[in-house]
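One structure is given here, and the rest of the page talks about it.
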2 protein chains.
Amino acid sequence: METVTIKLLAERLKLSTATISKALGDSHEISEVTKKRVFDLAKELNYVPNAYASSLRKNKSKTIAVLIPEVADSFFSIALNGIEEVAIEKGYHTLIYLTHEKLEREKAILSELLYGRVDGALMSVSSETDSFEHIEDFGKKLPVVFFDRVASAPATAKITTNDFECGYLATKHLIEAGCKRIVMLSISKSLSIISERSSGFQKAVADHQLDPATCEVVNCIGEGKTVHTTLTSILQGNNRPDGIIATVERLTTDIYLVCQQLGLQIPDDVKVVCFSNQASAVILNPSLTTITQPAFEMGRAAAKALLKRLKNPYINLEEESEIIPSVLTVRSSTAGKNSTF
Amino acid sequence: METVTIKLLAERLKLSTATISKALGDSHEISEVTKKRVFDLAKELNYVPNAYASSLRKNKSKTIAVLIPEVADSFFSIALNGIEEVAIEKGYHTLIYLTHEKLEREKAILSELLYGRVDGALMSVSSETDSFEHIEDFGKKLPVVFFDRVASAPATAKITTNDFECGYLATKHLIEAGCKRIVMLSISKSLSIISERSSGFQKAVADHQLDPATCEVVNCIGEGKTVHTTLTSILQGNNRPDGIIATVERLTTDIYLVCQQLGLQIPDDVKVVCFSNQASAVILNPSLTTITQPAFEMGRAAAKALLKRLKNPYINLEEESEIIPSVLTVRSSTAGKNSTF
DNA sequence: AACATTTACTTAATCGTTTACGTAAATAAA
DNA sequence: TTTATTTACGTAAACGATTAAGTAAATGTT
C-alpha cells in the first residue's frame with residue numbers, strides 16, 4: 001500500500017506540495033476551486049498527515065503526557081477519563097506514564113519527555129517525591145499542570161480538591177459519631193494531599209479537645225502484606241483506635257479484612273471513612289462512608305488548563321488553578337450506636 | 001535555554017552530525033575515543049534526541065496505541081498497567097484512547113493513527129463493534145494485537161482468557177448451588193467475550209437439563225439509570241431469576257442495589273456471580289463470587305506480542321495468541337441454603 | 001496607459017536525525 | 001614496494017510537512 005503523502009497528492013493534481021499543504025490548512029492563499037480538488041483527492045485516498053513530519057516542522061506535537069502513580073485506583077482512572085475526553089475534543093493525543101509511586105521513574109520519564117515528544121504534561125506526583133528540581137527543569141521548557149497531588153514548585157496551575165476541609169470534616173464526623181481515638185492512615189511524608197488532610201485532621205482533633213497523643217497520623221506504606229501487617233498492629237491492643245480515616249482508596253479492602261480477622265465490628269468497634277471513588281462503596285459490608293473527590297472534573301480541569309496554555313502561551317498558568325470540592329457521603333461504616341443507616 | 005541538538009554537539013566537538021549520530025548509536029564506525037567525547041558532552045548538556053525527527057527518518061515512532069472501551073473498569077486499568085510496564089521496559093511509549101464503547105470513535109481513532117504516530121496498536125474492541133473493516137484496514141499497514149475483546153478479523157495475535165469455560169463454570173456453579181432460573185447479563189450482541197461466555201452458559205444449561213426458556217441471556221445496555229431500570233424489570237415478577245451472571249464488572253453495584261431495593265436477599269433469593277477484577281469483591285455485602293480475569297498478565301502478553309513483532313517483522317502474530325485462564329473464586333453471594341461462607 | 005495591488009500559485013529552505021555513499025589515512029597482504 | 005583492506009570520519013540526501021520569499025498573471029487605481 002503506497003503511503004499517501006502531500007507529495008503524492010501534489011503529483012496527482014499537478015500542483016506543488018506547498019499548495020497542497022496550504023489548501024489542507026484552508027489558507028486564504030489558495031482558491032476555492034483548488035481547495036476543493038485537494039480536499040476531494042485527500043479524502044478519496046484517505047490522506048492522513050504524518051504526525052511526526054508536522055510535529056518536527058512546527059515544533060508542536062499535539063500530544064500531552066499524563067504522569068500518575070498508578071491507574072488501578074478509581075481516582076486516577078476516572079481522572080484519566082476526564083483528561084482523555086478533553087484531549088480528544090481538542091485534537092490532542094495522550095501519552096500515559098505510571099510512576100508506581102517511584103521518584104526515580106518520575107525523573108526518568110520527565111527527562112525523556114523534554115524534547116519534542118510532548119507539548120506539556122499533567123501530573124500527580126509520586127508519594128516518594130520530596131524534591132522538585134526535575135519538575136522545575138521540565139517546567140522551564142514545557143508547561144506542566146498538577147492535579148490532586150501537587151508539588152510546591154514550579155509555580156503553575158494546580159487543580160486540587162479541598163483536602164484540608166475534608167480532613168477536618170471526616171474527623172469531625174467521626175468525633176460526632178462518638179470516636180475518641182482516631183487514626184489517619186497516610187502513605188507518604190511528603191505528599192501535598194496528605195499534609196493537607198492531616199492538617200485538617202489535627203485541627204479537628206484540637207478543636208474538639210481530643211487527645212492528640214491518641215489521635216495520630218500513621219504511615220501505611222508498602223503493598224499487600226506490608227499494609228496488612230501494619231494495619232493489624234494498629235488495630236490490635238488495648239488502646240486501639242475507634243475511628244480510622246484512610247487517605248487513599250487502596251487501603252479500604254485491607255482495613256475491612258483486618259477488622260474481620262480481628263473480630264472488630266464496623267462501625268461498632270471501629271468506624272471507618274475513606275477517601276475513595278469506588279462505586280462499590282455503597283454495597284460494601286457495611287457500606288462505606290466516603291470522601292469522594294471530583295475525579296472526572298479534576299481531570300477535565302487540568303487538561304483544559306494545559307490546553308488553554310498551549311493555545312495561548314501568554315496566559316499565566318498559576319491563575320488557572322482551581323479547587324473543586326469533594327463530597328462526604330455518610331454511610332453505615334460510621335453509624336453511631338443508635339443510628340440506623 | 002538553547003535546544004541541544006546533534007548539530008550543537010557536532011559544532012562543539014568539531015565533528016560532523018553524522019559522526020555524532022553514529023557515536024550515539026554506538027556504531028562500530030566510530031572510535032572509542034570519539035564515542036566517549038560524544039557521550040560525555042551529550043550527558044553534560046543533557047542531550048535528548050528529538051523523538052519526532054528520529055521517528056520521521058526511521059519511520060518508527062517507538063510508540064504504541066492502546067484502544068480500550070473505558071478505563072474505569074478494573075480489568076482495563078489493570079491490563080493497562082501490564083501494558084505500560086512492558087512498554088516502558090522496551091523503551092516504548094503508550095498512547096491511550098478510550099472508545100467509550102462507540103464504534104465511531106474506534107474508527108476515527110484507528111484512521112488517524114494510520115500514518116506515523118504509532119508503530120502498532122493493542123485493542124479491546126468496543127461493544128458496538130460488529131464490523132471489522134476499519135481494523136483490517138489498519139492491520140494492513142500496522143500490526144494490531146487484540147486482548148480480551150477480540151475481532152474475528154484481521155488474523156493476528158489474540159490474548160484472551162477461557163471465556164467459554166468460565167461461562168460454563170459460573171453457570172454450573174450456580175446450578176450446583178440450587179439455581180433453576182439463571183440469567184446471564186450481556187452488554188452487547190457482537191462482543192467475542194460475551195458470545196463465548198454465553199455459549200458456555202447455554203451448554204451448561206443444556207448439560208444440566210435446565211429449561212432454556214427461563215435461562216436466557218439478557219442485554220443490559222446503557223449507563224446508570226438504564227441499567228437500573230432493566231435490572232429492576234428483570235428481578236421483579238413471579239418468575240424472576242434465582243441466579244445472575246454479570247458478564248462485566250460495572251453491573252455489580254446495580255445488581256446489589258436493585259436487589260436491596262426489591263428486598264431480595266443475596267444469596268438466598270438470588271445468587272450472583274460476576275466477571276470482575278474488583279479488589280473489593282471480598283468485602284462486599286455479601287462477599288461476591290467472581291470470575292477474575294488475569295488482567296495484568298493479559299496486558300503484558302498483548303504488549304509483548306506486539307513488541308516482539310515490531311522487533312522482528314517476520315514473525316507471525318497469529319502464533320503469538322495466548323489463552324490465559326481466569327479464576328473462579330467462590331464467596332458468599334452464591335452460597336447454598338445451608339452453606340456457611 | 002502606466003503603475004500598484006491582489007490573487008494564486010511555485011521554489012526552496014527548514015525542522016533534527018539517520019544513512020548511503022564517498023574518502024583519506026592507516027594498516028595489512030602480496 | 002605495490003595493491004588491497006580496514007578504520008574513522010565527512011558529505012549530502014533523505015523522511016514529510018510547513019513557510020518565507022519569489023513570481024507571473026489578473027485586477028484595480030489614477
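Residues are named by chain letter and number: chains run A, B, ... in the order of the C-alpha cells, numbers start at 1 in each chain, and ligands are numbered from 1 in the order shown.
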
* From a DSSP calculation on the backbone, collect every residue of stretch 120-286 of chain B in strand (DSSP E or B) and output the set as a ChimeraX atom specification. => /B:120-123,144-147,158-160,182-186,217-219,243-246,271-275,284

Can you pull out the residues contacting D:DA17? Cut-off 10 Å, using only C-alpha atoms (C1' of nucleotides), and skip same-chain residues under 4 positions away; I want them as an mmCIF file with N, CA, C and O atoms (P, O5', C5', C4', C3', O3' and C1' of nucleotides), in the first residue's frame.
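This went into selection-v9.cif:
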```cif
data_model
loop_
_atom_site.group_PDB
_atom_site.id
_atom_site.type_symbol
_atom_site.label_atom_id
_atom_site.label_comp_id
_atom_site.auth_asym_id
_atom_site.auth_seq_id
_atom_site.Cartn_x
_atom_site.Cartn_y
_atom_site.Cartn_z
ATOM 1 N N THR A 5 1.113 10.769 0.802
ATOM 2 C CA THR A 5 1.733 11.959 1.366
ATOM 3 C C THR A 5 1.288 13.176 0.559
ATOM 4 O O THR A 5 0.659 13.054 -0.491
ATOM 5 N N ILE A 6 1.675 14.291 1.062
ATOM 6 C CA ILE A 6 1.381 15.535 0.356
ATOM 7 C C ILE A 6 2.016 15.525 -1.033
ATOM 8 O O ILE A 6 1.443 16.026 -1.998
ATOM 9 N N LYS A 7 3.157 14.926 -1.099
ATOM 10 C CA LYS A 7 3.883 14.835 -2.364
ATOM 11 C C LYS A 7 3.060 14.073 -3.402
ATOM 12 O O LYS A 7 2.951 14.486 -4.564
ATOM 13 N N THR A 17 3.795 20.878 -3.575
ATOM 14 C CA THR A 17 3.468 20.407 -2.222
ATOM 15 C C THR A 17 3.040 21.587 -1.348
ATOM 16 O O THR A 17 2.208 21.436 -0.457
ATOM 17 N N ALA A 18 3.615 22.725 -1.635
ATOM 18 C CA ALA A 18 3.255 23.911 -0.846
ATOM 19 C C ALA A 18 1.771 24.208 -0.989
ATOM 20 O O ALA A 18 1.076 24.504 -0.009
ATOM 21 N N SER A 21 -0.278 21.681 0.965
ATOM 22 C CA SER A 21 -0.209 21.942 2.397
ATOM 23 C C SER A 21 -1.091 23.118 2.789
ATOM 24 O O SER A 21 -1.848 23.056 3.752
ATOM 25 N N PRO A 49 -2.182 13.209 7.529
ATOM 26 C CA PRO A 49 -0.871 13.861 7.618
ATOM 27 C C PRO A 49 0.056 13.076 8.538
ATOM 28 O O PRO A 49 -0.374 12.517 9.530
ATOM 29 N N ASN A 50 1.307 13.041 8.182
ATOM 30 C CA ASN A 50 2.302 12.382 9.022
ATOM 31 C C ASN A 50 2.563 13.261 10.241
ATOM 32 O O ASN A 50 3.090 14.361 10.136
ATOM 33 N N ALA A 51 2.158 12.713 11.375
ATOM 34 C CA ALA A 51 2.212 13.494 12.609
ATOM 35 C C ALA A 51 3.635 13.940 12.936
ATOM 36 O O ALA A 51 3.853 15.041 13.425
ATOM 37 N N TYR A 52 4.600 13.093 12.645
ATOM 38 C CA TYR A 52 5.963 13.411 13.049
ATOM 39 C C TYR A 52 6.593 14.469 12.171
ATOM 40 O O TYR A 52 7.327 15.330 12.651
ATOM 41 N N ALA A 53 6.279 14.411 10.891
ATOM 42 C CA ALA A 53 6.806 15.434 9.999
ATOM 43 C C ALA A 53 6.288 16.798 10.435
ATOM 44 O O ALA A 53 7.041 17.767 10.549
ATOM 45 N N SER A 54 5.006 16.836 10.681
ATOM 46 C CA SER A 54 4.422 18.119 11.036
ATOM 47 C C SER A 54 4.874 18.573 12.425
ATOM 48 O O SER A 54 5.122 19.751 12.668
ATOM 49 N N SER A 55 5.005 17.624 13.336
ATOM 50 C CA SER A 55 5.480 17.983 14.671
ATOM 51 C C SER A 55 6.889 18.547 14.602
ATOM 52 O O SER A 55 7.221 19.530 15.259
ATOM 53 N N LEU A 56 7.706 17.904 13.803
ATOM 54 C CA LEU A 56 9.104 18.326 13.694
ATOM 55 C C LEU A 56 9.183 19.746 13.161
ATOM 56 O O LEU A 56 9.878 20.600 13.694
ATOM 57 N N ARG A 57 8.419 19.966 12.122
ATOM 58 C CA ARG A 57 8.474 21.271 11.488
ATOM 59 C C ARG A 57 7.854 22.365 12.368
ATOM 60 O O ARG A 57 8.405 23.449 12.540
ATOM 61 N N LYS A 58 6.718 22.082 12.927
ATOM 62 C CA LYS A 58 6.016 23.104 13.692
ATOM 63 C C LYS A 58 6.456 23.166 15.152
ATOM 64 O O LYS A 58 6.034 24.051 15.886
ATOM 65 P P DC C 15 16.517 24.904 10.904
ATOM 66 O "O5'" DC C 15 15.591 23.929 11.754
ATOM 67 C "C5'" DC C 15 14.303 24.316 12.199
ATOM 68 C "C4'" DC C 15 13.514 23.065 12.535
ATOM 69 C "C3'" DC C 15 14.377 21.941 13.081
ATOM 70 O "O3'" DC C 15 14.379 22.008 14.498
ATOM 71 C "C1'" DC C 15 12.785 21.158 11.434
#
```

* Show me which bits of chain D are within 12 Å of chain B, counting only C-alpha atoms (C1' of nucleotides), as a PyMOL selection string. => chain D and resi 6-17

Can I get the selection written as a short mmCIF file (atom, residue, chain, number, x, y, z; two decimals), in the first residue's frame, with N, CA, C and O atoms (P, O5', C5', C4', C3', O3' and C1' of nucleotides)?
```
data_model
loop_
_atom_site.label_atom_id
_atom_site.label_comp_id
_atom_site.auth_asym_id
_atom_site.auth_seq_id
_atom_site.Cartn_x
_atom_site.Cartn_y
_atom_site.Cartn_z
P DT D 6 38.60 -6.10 5.13
"O5'" DT D 6 38.92 -5.01 6.24
"C5'" DT D 6 40.18 -5.09 6.94
"C4'" DT D 6 40.41 -3.80 7.67
"C3'" DT D 6 39.20 -3.28 8.46
"O3'" DT D 6 39.62 -3.15 9.81
"C1'" DT D 6 40.20 -1.54 7.20
P DT D 7 38.62 -2.73 10.97
"O5'" DT D 7 38.95 -1.19 11.11
"C5'" DT D 7 40.29 -0.78 11.29
"C4'" DT D 7 40.34 0.73 11.39
"C3'" DT D 7 39.20 1.33 12.22
"O3'" DT D 7 39.79 2.23 13.15
"C1'" DT D 7 39.36 2.41 10.13
P DA D 8 38.99 2.94 14.29
"O5'" DA D 8 38.62 4.30 13.55
"C5'" DA D 8 39.65 5.24 13.30
"C4'" DA D 8 39.02 6.44 12.64
"C3'" DA D 8 37.79 6.97 13.37
"O3'" DA D 8 37.89 8.38 13.49
"C1'" DA D 8 37.29 6.62 11.12
P DC D 9 36.97 9.11 14.58
"O5'" DC D 9 35.78 9.62 13.63
"C5'" DC D 9 35.84 10.93 13.24
"C4'" DC D 9 35.94 11.02 11.70
"C3'" DC D 9 34.80 11.84 11.09
"O3'" DC D 9 35.09 13.22 11.23
"C1'" DC D 9 35.44 10.01 9.70
P DG D 10 33.97 14.27 11.10
"O5'" DG D 10 33.80 14.32 9.53
"C5'" DG D 10 34.90 14.73 8.71
"C4'" DG D 10 34.43 14.86 7.26
"C3'" DG D 10 33.23 15.79 7.08
"O3'" DG D 10 33.42 16.58 5.89
"C1'" DG D 10 32.65 13.60 6.33
P DT D 11 32.36 17.73 5.54
"O5'" DT D 11 31.58 17.21 4.25
"C5'" DT D 11 32.13 16.20 3.41
"C4'" DT D 11 31.18 15.94 2.26
"C3'" DT D 11 30.06 16.97 2.06
"O3'" DT D 11 29.80 17.09 0.67
"C1'" DT D 11 29.10 14.87 2.57
P DA D 12 28.77 18.19 0.15
"O5'" DA D 12 27.44 17.32 0.03
"C5'" DA D 12 27.49 16.07 -0.66
"C4'" DA D 12 26.15 15.39 -0.56
"C3'" DA D 12 24.95 16.34 -0.68
"O3'" DA D 12 23.95 15.63 -1.39
"C1'" DA D 12 24.77 15.16 1.30
P DA D 13 22.81 16.45 -2.13
"O5'" DA D 13 21.69 15.32 -2.25
"C5'" DA D 13 22.10 13.96 -2.38
"C4'" DA D 13 21.19 13.08 -1.56
"C3'" DA D 13 19.72 13.44 -1.65
"O3'" DA D 13 18.98 12.24 -1.79
"C1'" DA D 13 20.36 13.34 0.59
P DA D 14 17.54 12.25 -2.39
"O5'" DA D 14 16.64 12.73 -1.17
"C5'" DA D 14 15.53 11.94 -0.85
"C4'" DA D 14 15.79 11.22 0.46
"C3'" DA D 14 14.57 11.30 1.36
"O3'" DA D 14 13.86 10.09 1.21
"C1'" DA D 14 16.61 11.79 2.55
P DC D 15 12.33 10.18 0.81
"O5'" DC D 15 11.55 9.86 2.14
"C5'" DC D 15 12.09 9.09 3.22
"C4'" DC D 15 11.59 9.65 4.52
"C3'" DC D 15 10.36 10.52 4.36
"O3'" DC D 15 9.20 9.72 4.56
"C1'" DC D 15 11.96 11.45 5.92
P DG D 16 8.00 9.80 3.48
"O5'" DG D 16 7.21 11.09 3.94
"C5'" DG D 16 6.54 11.09 5.18
"C4'" DG D 16 6.16 12.50 5.51
"C3'" DG D 16 5.28 13.19 4.47
"O3'" DG D 16 4.11 13.59 5.14
"C1'" DG D 16 7.07 14.59 5.14
P DA D 17 3.00 14.48 4.49
"O5'" DA D 17 3.32 15.88 5.18
"C5'" DA D 17 3.22 15.96 6.59
"C4'" DA D 17 3.69 17.31 7.06
"C3'" DA D 17 2.88 18.49 6.53
"O3'" DA D 17 2.41 19.21 7.66
"C1'" DA D 17 5.23 18.83 6.22
#
```

* Structure fact -> Over all order-paired Cα atoms, chain A deviates from chain B after least-squares fitting by an RMSD of 0.1 Å

Mind dumping a table of every chain C residue within 10 Å of chain A, with the nearest atom pair and its distance in Å to one decimal, using only C-alpha atoms (C1' of nucleotides), sorted by chain and rising number, as CSV?
```
residue,atom,partner,partner_atom,distance
C:DT7,C1',A:Glu29,CA,7.5
C:DA8,C1',A:Ile30,CA,6.0
C:DC9,C1',A:Thr19,CA,7.1
C:DT10,C1',A:Ser16,CA,6.6
C:DT11,C1',A:Ser16,CA,9.2
C:DT14,C1',A:Arg57,CA,7.6
C:DC15,C1',A:Arg57,CA,4.3
C:DG16,C1',A:Leu56,CA,7.6
```

Closest-contact table, chain B side, partner chain A, 8 Å, counting only C-alpha atoms, as a tab-separated table:
```
residue	atom	partner	partner_atom	distance
B:Met1	CA	A:Lys141	CA	7.7
B:Val48	CA	A:Tyr115	CA	6.2
B:Pro49	CA	A:Tyr115	CA	7.0
B:Asn50	CA	A:Gly116	CA	5.4
B:Ala51	CA	A:Arg117	CA	5.7
B:Tyr52	CA	A:Tyr52	CA	5.0
B:Ala53	CA	A:Leu56	CA	5.9
B:Ser55	CA	A:Tyr52	CA	6.6
B:Leu56	CA	A:Tyr52	CA	5.6
B:Glu70	CA	A:Asn81	CA	7.7
B:Val71	CA	A:Ser77	CA	5.7
B:Ala72	CA	A:Ser77	CA	5.3
B:Ser74	CA	A:Ala72	CA	6.5
B:Ser77	CA	A:Ala72	CA	5.3
B:Ile78	CA	A:Ala72	CA	5.7
B:Leu80	CA	A:Val71	CA	7.7
B:Asn81	CA	A:Val71	CA	6.7
B:Glu84	CA	A:Tyr97	CA	7.2
B:His93	CA	A:Leu95	CA	7.0
B:Thr94	CA	A:Leu95	CA	5.5
B:Leu95	CA	A:Leu95	CA	4.4
B:Ile96	CA	A:Thr94	CA	5.8
B:Tyr97	CA	A:Glu84	CA	7.1
B:Leu98	CA	A:Glu84	CA	7.3
B:Ser111	CA	A:Val48	CA	7.9
B:Glu112	CA	A:Val48	CA	6.5
B:Leu114	CA	A:Val48	CA	7.2
B:Tyr115	CA	A:Asn50	CA	5.5
B:Gly116	CA	A:Asn50	CA	5.4
B:Arg117	CA	A:Ala51	CA	5.7
B:Lys141	CA	A:Met1	CA	7.5
B:Thr253	CA	A:Ser280	CA	5.8
B:Tyr256	CA	A:Ile283	CA	6.6
B:Leu257	CA	A:Ile283	CA	7.2
B:Ala279	CA	A:Thr253	CA	7.0
B:Ser280	CA	A:Thr253	CA	5.8
B:Val282	CA	A:Thr253	CA	7.8
B:Ile283	CA	A:Leu284	CA	5.9
B:Leu284	CA	A:Leu284	CA	4.0
B:Asn285	CA	A:Asn285	CA	4.3
B:Pro286	CA	A:Asn285	CA	6.8
B:Ser287	CA	A:Asn285	CA	8.0
```

* Asked: Can you list, as a list in words, every protein, DNA or RNA residue that comes within 9 Å of A:Thr292 when you count only C-alpha atoms (C1' of nucleotides), leaving out same-chain residues fewer than 5 positions away?
  ->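 Contacts, in chain order: Phe75, Cys274, Phe275, Ser276, Asn277, Gln278, Ser326, Val327, Leu328 and Thr329 of chain A.
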
* **All residues 8 Å or closer to B:Leu142, only C-alpha atoms (C1' of nucleotides), same chain fewer than 6 positions away omitted, as a list in words** =>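 The contact residues come out as Leu114, Asp119, Gly120 and Ala121 of chain B.
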
Can I get the selected residues back with C-alpha atoms, as an mmCIF file, in the first residue's frame?
```
data_model
loop_
_atom_site.group_PDB
_atom_site.id
_atom_site.type_symbol
_atom_site.label_atom_id
_atom_site.label_comp_id
_atom_site.auth_asym_id
_atom_site.auth_seq_id
_atom_site.Cartn_x
_atom_site.Cartn_y
_atom_site.Cartn_z
ATOM 1 C CA LEU B 114 -2.621 5.076 10.302
ATOM 2 C CA ASP B 119 4.117 1.562 15.279
ATOM 3 C CA GLY B 120 1.225 -0.653 16.217
ATOM 4 C CA ALA B 121 -1.828 -0.961 18.405
#
```

* Computed interatomic separation between atom CA of B:Gly224 and atom CA of A:Leu67 (Å) -> 29.5 Å

* To do: Write down as a PyMOL selection string the residues belonging to stretch 7-133 of chain A that are assigned helix (DSSP H, G or I) by DSSP computed on the backbone.
  => chain A and resi 7-13+17-24+32-44+51-58+74-89+103-113+133

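Counting only C-alpha atoms (C1' of nucleotides), A:Ser192 has the following residues at most 8 Å away, ignoring those fewer than 2 positions along the same chain: Arg149, Val150, Ala151, Ser190, Ile194, Ser195 and Glu196 of chain A.
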
* Asked: Leaving out B:Gly139 and any residue of its chain fewer than 3 positions from it, which residues lie within 9 Å of it when counting only C-alpha atoms (C1' of nucleotides), given as JSON, numbers by chain?
  -> {"B": [120, 134, 135, 136, 142, 143, 144, 154, 155, 156]}
